[in-house]
$ cat protein_33.csv   # CSV, C-alpha atoms
chain,number,residue,atom,x,y,z
A,242,MET,CA,5.6,30.9,-42.2
A,243,GLU,CA,7.7,34.0,-41.5
A,244,ASN,CA,11.4,33.5,-41.5
A,245,ASP,CA,11.7,35.0,-38.1
A,246,ASP,CA,9.3,32.5,-36.7
A,247,LEU,CA,11.2,29.6,-38.3
A,248,VAL,CA,14.4,30.7,-36.5
A,249,LEU,CA,12.4,31.2,-33.3
A,250,ILE,CA,11.0,27.7,-33.5
A,251,ALA,CA,14.4,26.2,-34.0
A,252,ASP,CA,15.7,28.2,-31.1
A,253,LEU,CA,12.8,27.1,-28.9
A,254,LYS,CA,13.4,23.5,-29.7
A,255,ASN,CA,17.1,23.8,-28.8
A,256,GLU,CA,17.6,23.5,-25.0
A,257,LYS,CA,20.6,25.9,-25.1
A,258,THR,CA,18.7,28.7,-26.7
A,259,ARG,CA,15.2,27.9,-25.4
A,260,GLU,CA,14.9,30.4,-22.6
A,261,LEU,CA,16.1,33.4,-24.6
A,262,ALA,CA,13.9,32.4,-27.6
A,263,PHE,CA,10.9,32.1,-25.3
A,264,GLN,CA,11.4,35.7,-24.0
A,265,THR,CA,11.5,36.8,-27.7
A,266,LEU,CA,8.3,34.9,-28.4
A,267,VAL,CA,6.6,36.5,-25.4
A,268,LYS,CA,7.6,40.0,-26.4
A,269,LYS,CA,6.6,39.5,-30.0
A,270,TYR,CA,3.1,38.0,-29.4
A,271,GLN,CA,2.0,39.1,-26.0
A,272,GLU,CA,-0.1,42.1,-27.2
A,273,ARG,CA,-1.8,40.4,-30.1
A,274,LEU,CA,-2.7,37.4,-27.9
A,275,TYR,CA,-3.8,39.6,-25.0
A,276,TRP,CA,-6.3,41.5,-27.2
A,277,HIS,CA,-7.6,38.3,-28.7
A,278,ILE,CA,-8.2,36.8,-25.3
A,279,ARG,CA,-9.6,40.1,-23.8
A,280,LYS,CA,-12.2,40.3,-26.5
A,281,ILE,CA,-13.3,36.8,-25.6
A,282,VAL,CA,-13.4,37.1,-21.8
A,283,MET,CA,-13.9,40.9,-21.5
A,284,ASP,CA,-12.3,41.4,-18.1
A,285,HIS,CA,-8.7,42.5,-17.9
A,286,ASP,CA,-7.7,40.4,-14.8
A,287,ASP,CA,-9.2,37.3,-16.4
A,288,ALA,CA,-7.4,38.1,-19.7
A,289,ASP,CA,-4.1,38.5,-17.8
A,290,ASP,CA,-4.5,35.1,-16.1
A,291,ILE,CA,-5.4,33.4,-19.3
A,292,LEU,CA,-2.5,35.0,-21.2
A,293,GLN,CA,0.0,33.7,-18.6
A,294,ASN,CA,-1.6,30.2,-18.7
A,295,THR,CA,-1.4,30.4,-22.5
A,296,PHE,CA,2.4,31.1,-22.4
A,297,ILE,CA,3.0,28.5,-19.8
A,298,LYS,CA,1.2,25.9,-22.0
A,299,ILE,CA,3.3,27.1,-25.0
A,300,TRP,CA,6.5,26.7,-22.9
A,301,ARG,CA,5.5,23.2,-21.8
A,302,SER,CA,4.4,22.0,-25.2
A,303,ILE,CA,6.9,23.6,-27.6
A,304,ASP,CA,8.4,20.2,-28.3
A,305,LYS,CA,5.0,18.9,-29.5
A,306,PHE,CA,4.6,21.7,-32.0
A,307,ARG,CA,4.8,19.9,-35.4
A,308,GLU,CA,5.0,22.9,-37.6
A,309,GLU,CA,2.1,21.9,-39.7
A,310,SER,CA,0.6,25.3,-39.1
A,311,SER,CA,2.4,28.7,-38.6
A,312,LEU,CA,3.6,29.5,-35.1
A,313,TYR,CA,1.2,32.5,-35.1
A,314,THR,CA,-1.9,30.3,-35.7
A,315,TRP,CA,-0.7,27.7,-33.2
A,316,LEU,CA,-0.4,30.4,-30.5
A,317,TYR,CA,-3.9,31.8,-31.3
A,318,ARG,CA,-5.3,28.3,-31.1
A,319,ILE,CA,-4.0,27.7,-27.7
A,320,ALA,CA,-5.1,31.2,-26.5
A,321,THR,CA,-8.6,30.6,-27.9
A,322,ASN,CA,-8.9,27.2,-26.2
A,323,GLU,CA,-7.7,28.5,-22.9
A,324,SER,CA,-10.2,31.4,-23.1
A,325,LEU,CA,-13.1,29.1,-23.9
A,326,THR,CA,-12.1,26.6,-21.1
A,327,PHE,CA,-12.0,29.6,-18.7
A,328,ILE,CA,-15.5,30.7,-19.6
A,329,ASN,CA,-17.0,27.2,-19.3
A,330,SER,CA,-15.3,26.5,-16.0
A,331,ASN,CA,-16.5,29.8,-14.6
A,332,LYS,CA,-20.0,29.2,-15.7
A,333,ARG,CA,-20.0,25.8,-13.9
A,334,ARG,CA,-18.5,27.3,-10.7
A,335,SER,CA,-20.8,30.4,-10.6
A,336,LEU,CA,-23.1,30.4,-7.5
A,337,VAL,CA,-25.5,32.7,-9.4
A,338,PRO,CA,-27.4,30.7,-12.1
A,339,MET,CA,-26.8,32.2,-15.5
A,340,ASN,CA,-29.0,31.9,-18.5
A,341,ASP,CA,-26.1,32.0,-21.0
A,342,THR,CA,-22.5,32.9,-21.5
A,343,SER,CA,-23.4,36.5,-22.6
A,344,GLU,CA,-24.9,37.2,-19.2
A,345,PHE,CA,-21.7,36.2,-17.5
A,346,LEU,CA,-19.5,38.1,-19.9
A,347,MET,CA,-21.8,41.2,-19.7
A,348,ASN,CA,-21.3,41.2,-15.9
A,349,ASN,CA,-17.5,40.9,-16.6
A,350,LEU,CA,-17.6,43.9,-18.9
A,351,GLU,CA,-19.7,46.1,-16.6
A,352,SER,CA,-17.5,45.4,-13.6
A,353,ASP,CA,-14.3,46.0,-15.6
A,354,GLU,CA,-12.5,49.2,-14.6
A,355,TYR,CA,-10.5,49.1,-17.8
A,356,PHE,CA,-13.3,49.6,-20.2
A,357,ASP,CA,-13.3,53.1,-21.6
A,358,GLY,CA,-15.9,52.8,-24.3
A,359,ASP,CA,-18.7,55.3,-24.8
A,360,GLU,CA,-22.4,54.4,-25.0
A,361,ILE,CA,-22.2,53.2,-28.7
A,362,GLN,CA,-19.2,51.1,-27.9
A,363,LEU,CA,-20.9,49.5,-24.9
A,364,ARG,CA,-24.0,48.7,-27.1
A,365,LEU,CA,-21.7,47.2,-29.8
A,366,GLN,CA,-20.0,45.0,-27.2
A,367,GLU,CA,-23.4,44.0,-25.8
A,368,ALA,CA,-24.6,43.1,-29.3
A,369,ILE,CA,-21.4,41.0,-29.9
A,370,LEU,CA,-21.9,39.2,-26.6
A,371,LYS,CA,-25.3,38.1,-27.7
A,372,LEU,CA,-23.7,36.1,-30.5
A,373,PRO,CA,-23.1,32.3,-30.1
A,374,GLU,CA,-19.5,31.6,-29.0
A,375,LYS,CA,-18.1,30.6,-32.3
A,376,GLN,CA,-19.7,33.4,-34.2
A,377,ARG,CA,-18.5,35.9,-31.6
A,378,ILE,CA,-14.9,34.7,-32.0
A,379,VAL,CA,-15.2,34.9,-35.8
A,380,PHE,CA,-16.7,38.3,-35.7
A,381,ASN,CA,-14.0,39.7,-33.4
A,382,LEU,CA,-11.2,38.2,-35.5
A,383,LYS,CA,-12.6,39.6,-38.7
A,384,TYR,CA,-14.1,42.9,-37.5
A,385,PHE,CA,-11.4,44.1,-35.0
A,386,GLU,CA,-8.3,42.2,-36.0
A,387,GLU,CA,-9.1,42.1,-39.8
A,388,MET,CA,-7.7,38.6,-39.9
A,389,LYS,CA,-7.7,36.7,-43.2
A,390,TYR,CA,-10.2,33.8,-43.4
A,391,GLU,CA,-7.4,31.4,-44.3
A,392,GLU,CA,-5.6,32.2,-41.1
A,393,MET,CA,-8.8,32.0,-39.1
A,394,SER,CA,-9.5,28.7,-40.7
A,395,GLN,CA,-6.2,27.2,-39.2
A,396,ILE,CA,-6.9,28.7,-35.8
A,397,LEU,CA,-10.5,27.6,-35.5
A,398,GLU,CA,-10.1,24.4,-37.6
A,399,THR,CA,-13.1,25.4,-39.7
A,400,SER,CA,-13.5,25.7,-43.4
A,401,VAL,CA,-13.2,29.2,-45.0
A,402,GLY,CA,-16.7,28.8,-46.4
A,403,ALA,CA,-18.1,28.1,-43.0
A,404,LEU,CA,-16.2,31.1,-41.5
A,405,LYS,CA,-17.6,33.5,-44.2
A,406,ALA,CA,-21.1,32.3,-43.5
A,407,SER,CA,-20.5,32.6,-39.8
A,408,PHE,CA,-19.3,36.2,-40.1
A,409,HIS,CA,-22.2,37.1,-42.4
A,410,HIS,CA,-24.7,35.8,-39.8
A,411,ALA,CA,-22.9,37.5,-37.0
A,412,ALA,CA,-22.8,40.9,-38.7
A,413,LYS,CA,-26.5,40.7,-39.5
A,414,LYS,CA,-27.4,39.9,-35.9
A,415,VAL,CA,-25.2,42.7,-34.6
A,416,GLU,CA,-26.9,45.1,-37.1
A,417,GLU,CA,-30.4,44.0,-36.0
A,418,TYR,CA,-29.5,44.5,-32.3
A,419,LEU,CA,-28.1,48.0,-32.9
A,420,LYS,CA,-31.2,49.0,-34.9
A,421,LYS,CA,-33.5,47.6,-32.2
A,422,ILE,CA,-31.9,49.7,-29.4
A,423,ASP,CA,-31.8,52.9,-31.4
B,103,MET,CA,-14.8,46.1,-45.7
B,104,LYS,CA,-17.3,46.7,-48.6
B,105,GLU,CA,-18.8,43.4,-47.5
B,106,LEU,CA,-19.7,44.8,-44.1
B,107,GLU,CA,-21.3,47.9,-45.6
B,108,ASN,CA,-23.7,45.7,-47.6
B,109,ILE,CA,-24.5,43.4,-44.8
B,110,ALA,CA,-24.6,45.8,-41.9
B,111,PRO,CA,-24.8,49.5,-42.8
B,112,GLU,CA,-25.4,50.7,-39.2
B,113,LEU,CA,-22.5,48.7,-37.9
B,114,SER,CA,-20.1,50.0,-40.6
B,115,LYS,CA,-20.8,53.6,-39.5
B,116,ILE,CA,-19.5,53.0,-36.1
B,117,LYS,CA,-15.9,54.1,-35.7
B,118,LYS,CA,-13.7,51.1,-35.2
B,119,GLU,CA,-11.8,51.6,-32.0
B,120,ASN,CA,-10.6,49.6,-29.1
B,121,PRO,CA,-12.7,50.5,-26.1
B,122,PHE,CA,-10.6,48.4,-23.7
B,123,ARG,CA,-7.4,49.5,-22.0
B,124,VAL,CA,-4.8,48.0,-19.8
B,125,PRO,CA,-3.1,49.1,-16.6
B,126,ASP,CA,0.0,51.3,-17.0
B,127,ASN,CA,3.1,49.4,-18.0
B,128,TYR,CA,1.2,46.2,-18.3
B,129,PHE,CA,2.9,44.9,-21.4
B,130,GLU,CA,6.3,46.1,-20.2
B,131,ASP,CA,6.0,44.2,-16.9
B,132,PHE,CA,4.2,41.1,-18.3
B,133,SER,CA,7.4,39.2,-19.3
B,134,ALA,CA,8.9,39.5,-15.8
B,135,ARG,CA,5.6,38.5,-14.1
B,136,LEU,CA,5.4,35.5,-16.4
B,137,GLN,CA,8.9,34.5,-15.7
B,138,MET,CA,8.1,34.6,-11.9
B,139,LYS,CA,5.1,32.3,-12.5
B,140,LEU,CA,7.1,30.0,-14.6
B,141,ASP,CA,9.8,29.7,-11.8
B,142,THR,CA,7.0,28.9,-9.3
B,143,GLU,CA,5.5,26.3,-11.6
B,144,LYS,CA,8.9,24.7,-11.9
B,145,VAL,CA,9.3,24.5,-8.1
B,146,GLU,CA,5.7,23.2,-7.6
B,147,ALA,CA,5.8,20.8,-10.5
B,148,PRO,CA,5.2,17.2,-9.2
B,149,LYS,CA,8.2,14.8,-9.5
B,150,LYS,CA,7.9,12.5,-12.4
B,151,GLN,CA,7.2,8.9,-11.5
B,152,SER,CA,9.9,6.4,-12.2
B,153,LYS,CA,9.7,4.5,-15.5
B,154,VAL,CA,9.1,1.2,-13.8
B,155,ILE,CA,6.0,2.5,-12.1
B,156,GLN,CA,4.8,4.1,-15.3
B,157,ILE,CA,5.1,0.8,-17.1
B,158,LEU,CA,3.6,-1.3,-14.3
B,159,LYS,CA,0.9,1.2,-13.5
B,160,PRO,CA,-1.8,-0.5,-15.7
B,161,ALA,CA,-1.0,-4.0,-14.4
B,162,LEU,CA,-0.9,-2.7,-10.8
B,163,THR,CA,-4.2,-1.0,-11.3
B,164,MET,CA,-5.8,-4.2,-12.6
B,165,ALA,CA,-4.3,-6.3,-9.8
B,166,ALA,CA,-5.7,-3.8,-7.2
B,167,GLY,CA,-9.1,-4.1,-9.0
B,168,PHE,CA,-9.1,-7.8,-8.7
B,169,ALA,CA,-8.1,-7.7,-5.1
B,170,LEU,CA,-10.9,-5.3,-4.4
B,171,LEU,CA,-13.4,-7.5,-6.2
B,172,PHE,CA,-12.2,-10.6,-4.3
B,173,THR,CA,-12.5,-8.8,-1.0
B,174,LEU,CA,-16.0,-7.5,-1.9
B,175,ALA,CA,-17.1,-11.0,-2.9
B,176,TYR,CA,-15.3,-13.0,-0.2
B,177,TRP,CA,-16.2,-11.1,3.0
B,178,PRO,CA,-20.0,-11.1,2.4
B,179,LEU,CA,-19.8,-14.9,1.7
B,180,LYS,CA,-17.9,-15.4,4.9
B,181,LEU,CA,-20.3,-13.4,6.9
B,182,ILE,CA,-23.3,-15.3,5.4
B,183,THR,CA,-21.9,-18.8,6.0
B,184,PRO,CA,-19.4,-18.6,8.9
B,185,GLY,CA,-19.9,-22.3,10.0
B,186,GLN,CA,-19.3,-23.6,6.5
B,187,GLN,CA,-16.1,-21.6,6.2
B,188,ALA,CA,-14.8,-22.8,9.5
B,189,ASN,CA,-15.6,-26.5,8.9
B,190,ASN,CA,-13.7,-26.4,5.6
B,191,SER,CA,-10.5,-25.2,7.1
B,192,ASN,CA,-10.6,-27.7,10.0
B,193,ILE,CA,-11.5,-30.9,8.2
B,194,GLU,CA,-8.1,-32.5,8.5
B,195,ILE,CA,-7.8,-31.7,12.2
B,196,ASP,CA,-11.3,-33.1,12.9
B,197,ILE,CA,-10.5,-36.4,11.2
B,198,ASN,CA,-7.4,-37.0,13.3
B,199,GLU,CA,-9.3,-36.2,16.5
B,200,MET,CA,-12.1,-38.6,15.6
B,201,LEU,CA,-9.6,-41.4,15.0
B,202,PHE,CA,-7.9,-40.8,18.3
B,203,ALA,CA,-11.2,-40.6,20.2
B,204,ASN,CA,-12.4,-43.9,18.6
B,205,MET,CA,-9.2,-45.6,19.5
B,206,VAL,CA,-9.4,-44.3,23.1
B,207,GLU,CA,-13.1,-45.3,23.5
B,208,GLY,CA,-12.2,-48.8,22.3
B,209,ILE,CA,-9.8,-49.4,25.3
B,210,ASP,CA,-11.3,-50.6,28.5
B,211,GLN,CA,-10.1,-49.3,31.8
B,212,ASN,CA,-8.2,-52.4,32.9
B,213,SER,CA,-6.3,-52.8,29.6
B,214,PHE,CA,-5.4,-49.1,29.9
B,215,PHE,CA,-3.9,-49.3,33.4
B,216,ALA,CA,-2.1,-52.5,32.4
B,217,LEU,CA,-0.7,-50.7,29.5
B,218,LEU,CA,0.5,-47.9,31.7
B,219,ASP,CA,2.1,-50.2,34.2
B,220,GLU,CA,4.1,-52.1,31.6
B,221,PRO,CA,7.8,-51.3,32.2
B,222,ASN,CA,8.8,-51.2,28.5
B,223,ASN,CA,5.8,-49.1,27.4
B,224,PRO,CA,7.0,-47.0,24.4
B,225,ALA,CA,3.9,-44.7,24.5
B,226,GLN,CA,4.6,-41.4,26.2
B,227,LEU,CA,1.2,-39.7,26.9
B,228,SER,CA,1.0,-36.1,27.7
B,229,ASP,CA,-1.2,-34.7,30.4
B,230,GLU,CA,-3.6,-33.4,27.7
B,231,ASP,CA,-3.9,-36.9,26.1
B,232,MET,CA,-4.4,-38.4,29.6
B,233,ALA,CA,-7.3,-36.0,30.3
B,234,VAL,CA,-9.0,-36.9,26.9
B,235,ILE,CA,-8.7,-40.6,27.8
B,236,VAL,CA,-10.1,-40.2,31.2
B,237,ASN,CA,-13.0,-38.0,30.0
B,238,SER,CA,-13.9,-40.5,27.3
B,239,ASN,CA,-14.1,-43.5,29.6
B,240,SER,CA,-15.3,-42.1,32.9
B,241,SER,CA,-18.3,-40.1,34.0
B,242,GLU,CA,-17.9,-37.0,36.1
B,243,TYR,CA,-19.1,-39.0,39.1
B,244,ASP,CA,-16.5,-41.7,38.6
B,245,ILE,CA,-13.7,-39.0,38.4
B,246,TYR,CA,-15.1,-37.3,41.6
B,247,SER,CA,-15.4,-40.6,43.5
B,248,GLU,CA,-11.8,-41.6,42.6
B,249,THR,CA,-10.4,-38.2,43.7
B,250,VAL,CA,-12.1,-38.2,47.2
B,251,LYS,CA,-10.9,-41.7,48.0
$ encode --input "protein_33.csv" --output "structure tokens"
Amino acid sequence: MENDDLVLIADLKNEKTRELAFQTLVKKYQERLYWHIRKIVMDHDDADDILQNTFIKIWRSIDKFREESSLYTWLYRIATNESLTFINSNKRRSLVPMNDTSEFLMNNLESDEYFDGDEIQLRLQEAILKLPEKQRIVFNLKYFEEMKYEEMSQILETSVGALKASFHHAAKKVEEYLKKID
Amino acid sequence: MKELENIAPELSKIKKENPFRVPDNYFEDFSARLQMKLDTEKVEAPKKQSKVIQILKPALTMAAGFALLFTLAYWPLKLITPGQQANNSNIEIDINEMLFANMVEGIDQNSFFALLDEPNNPAQLSDEDMAVIVNSNSSEYDIYSETVK
């Protein structure tokens, strides 16, 4: 674990320094967590809500952090779980019946005013959205964030071997989809 | 990313860029907005229950459950057999009344009046007892004929 993070954790667990340390934590990780969440839920407003909820959850449960994993992977895990909970609860609440998650997320992407991608980028996002949930997260973490499998393993609580296989299948599926629409 | 080139050559040709953007100053303002939300959450957070209630909660829940079960079982029974229930609760009263009625019926009219006229009679009968005695020993006609005399 980074030395900075060790100091940060100690400050977060100390009532006197907690508020200031939390502000430092937010500043340090807000962008990385935001982009991770945004790639899962697509829409900016949803990502903003989830990011706030993620930090609120972190604030409330900082005492429960047992330091078995790094602070960074713990934060990613909370953000991932919050994002998936959001998607599932929205699917249940939706008045329009949806065949799968990708349809809901494609609607999110198409209605998002903060998407600036060209045609190729839109097709790529479409292809990624066709992937099963877990494969999609693995693909995003590896392809866009270039995260190491070891770190990913701690976040998703999955073995490195399974993650490698997952990325392999995901990349193949994206490739096939891109070839098909050409 | 040699791995990607082998698995997905078309995909590896696409320029890796972030097609998403955020509103202006989003990350600069985020911390302040989060703080506001945290303050609101603190205000709206429900008060913690006292420790006693927290400890007793399982026992209270169980007691409430038993009470509910008893009510659900008792009331239908009471509705189905109302007479039975009423008899059970009045058994003792009924026995006392029966003994008193038997004793009253056993006294003939002359002995009764003689008993009343006795100067040292310890028995103090109330109007209600008197009415029971008269009803037991006299017909309605007897009572009527006595009152019109």
$ closest_residue --input "protein_33.csv" --among "A:Glu417, A:Gln395, A:Asn349, A:Val401" --to "Leu365 in chain A" --atoms "all atoms listed in the file"
A:Glu417
$ closest_atom_pairs --input "protein_33.csv" --of "chain B" --to "chain A" --cutoff "8 Å" --atoms "all atoms listed in the file" --output "CSV"
residue,atom,partner,partner_atom,distance
B:Leu106,CA,A:Ala412,CA,7.3
B:Ile109,CA,A:Lys413,CA,6.3
B:Ala110,CA,A:Glu416,CA,5.4
B:Pro111,CA,A:Glu416,CA,7.5
B:Glu112,CA,A:Glu416,CA,6.2
B:Leu113,CA,A:Glu416,CA,5.7
B:Ile116,CA,A:Ile361,CA,7.9
B:Lys118,CA,A:Phe385,CA,7.4
B:Asn120,CA,A:Gly358,CA,7.8
B:Pro121,CA,A:Gly358,CA,4.3
B:Phe122,CA,A:Phe356,CA,4.6
B:Arg123,CA,A:Tyr355,CA,5.2
B:Val124,CA,A:Tyr355,CA,6.1
B:Pro125,CA,A:Tyr355,CA,7.5
B:Phe129,CA,A:Glu272,CA,7.1
B:Ser133,CA,A:Val267,CA,6.7
B:Leu136,CA,A:Gln293,CA,6.1
B:Leu140,CA,A:Ile297,CA,6.8
$ atom_distance --input "protein_33.csv" --atom1 "CA of Thr326 in chain A" --atom2 "CA of Thr314 in chain A"
18.2 Å
$ residues_around --input "protein_33.csv" --residues "range 247-259 of chain A" --least-positions-apart "2" --cutoff "9 Å" --atoms "all atoms listed in the file" --output "PyMOL selection string"
chain A and resi 242-245+261-266+300+303-304+306+308+311-312
$ atom_distance --input "protein_33.csv" --atom1 "CA of Asn381 in chain A" --atom2 "CA of Arg307 in chain A"
27.4 Å
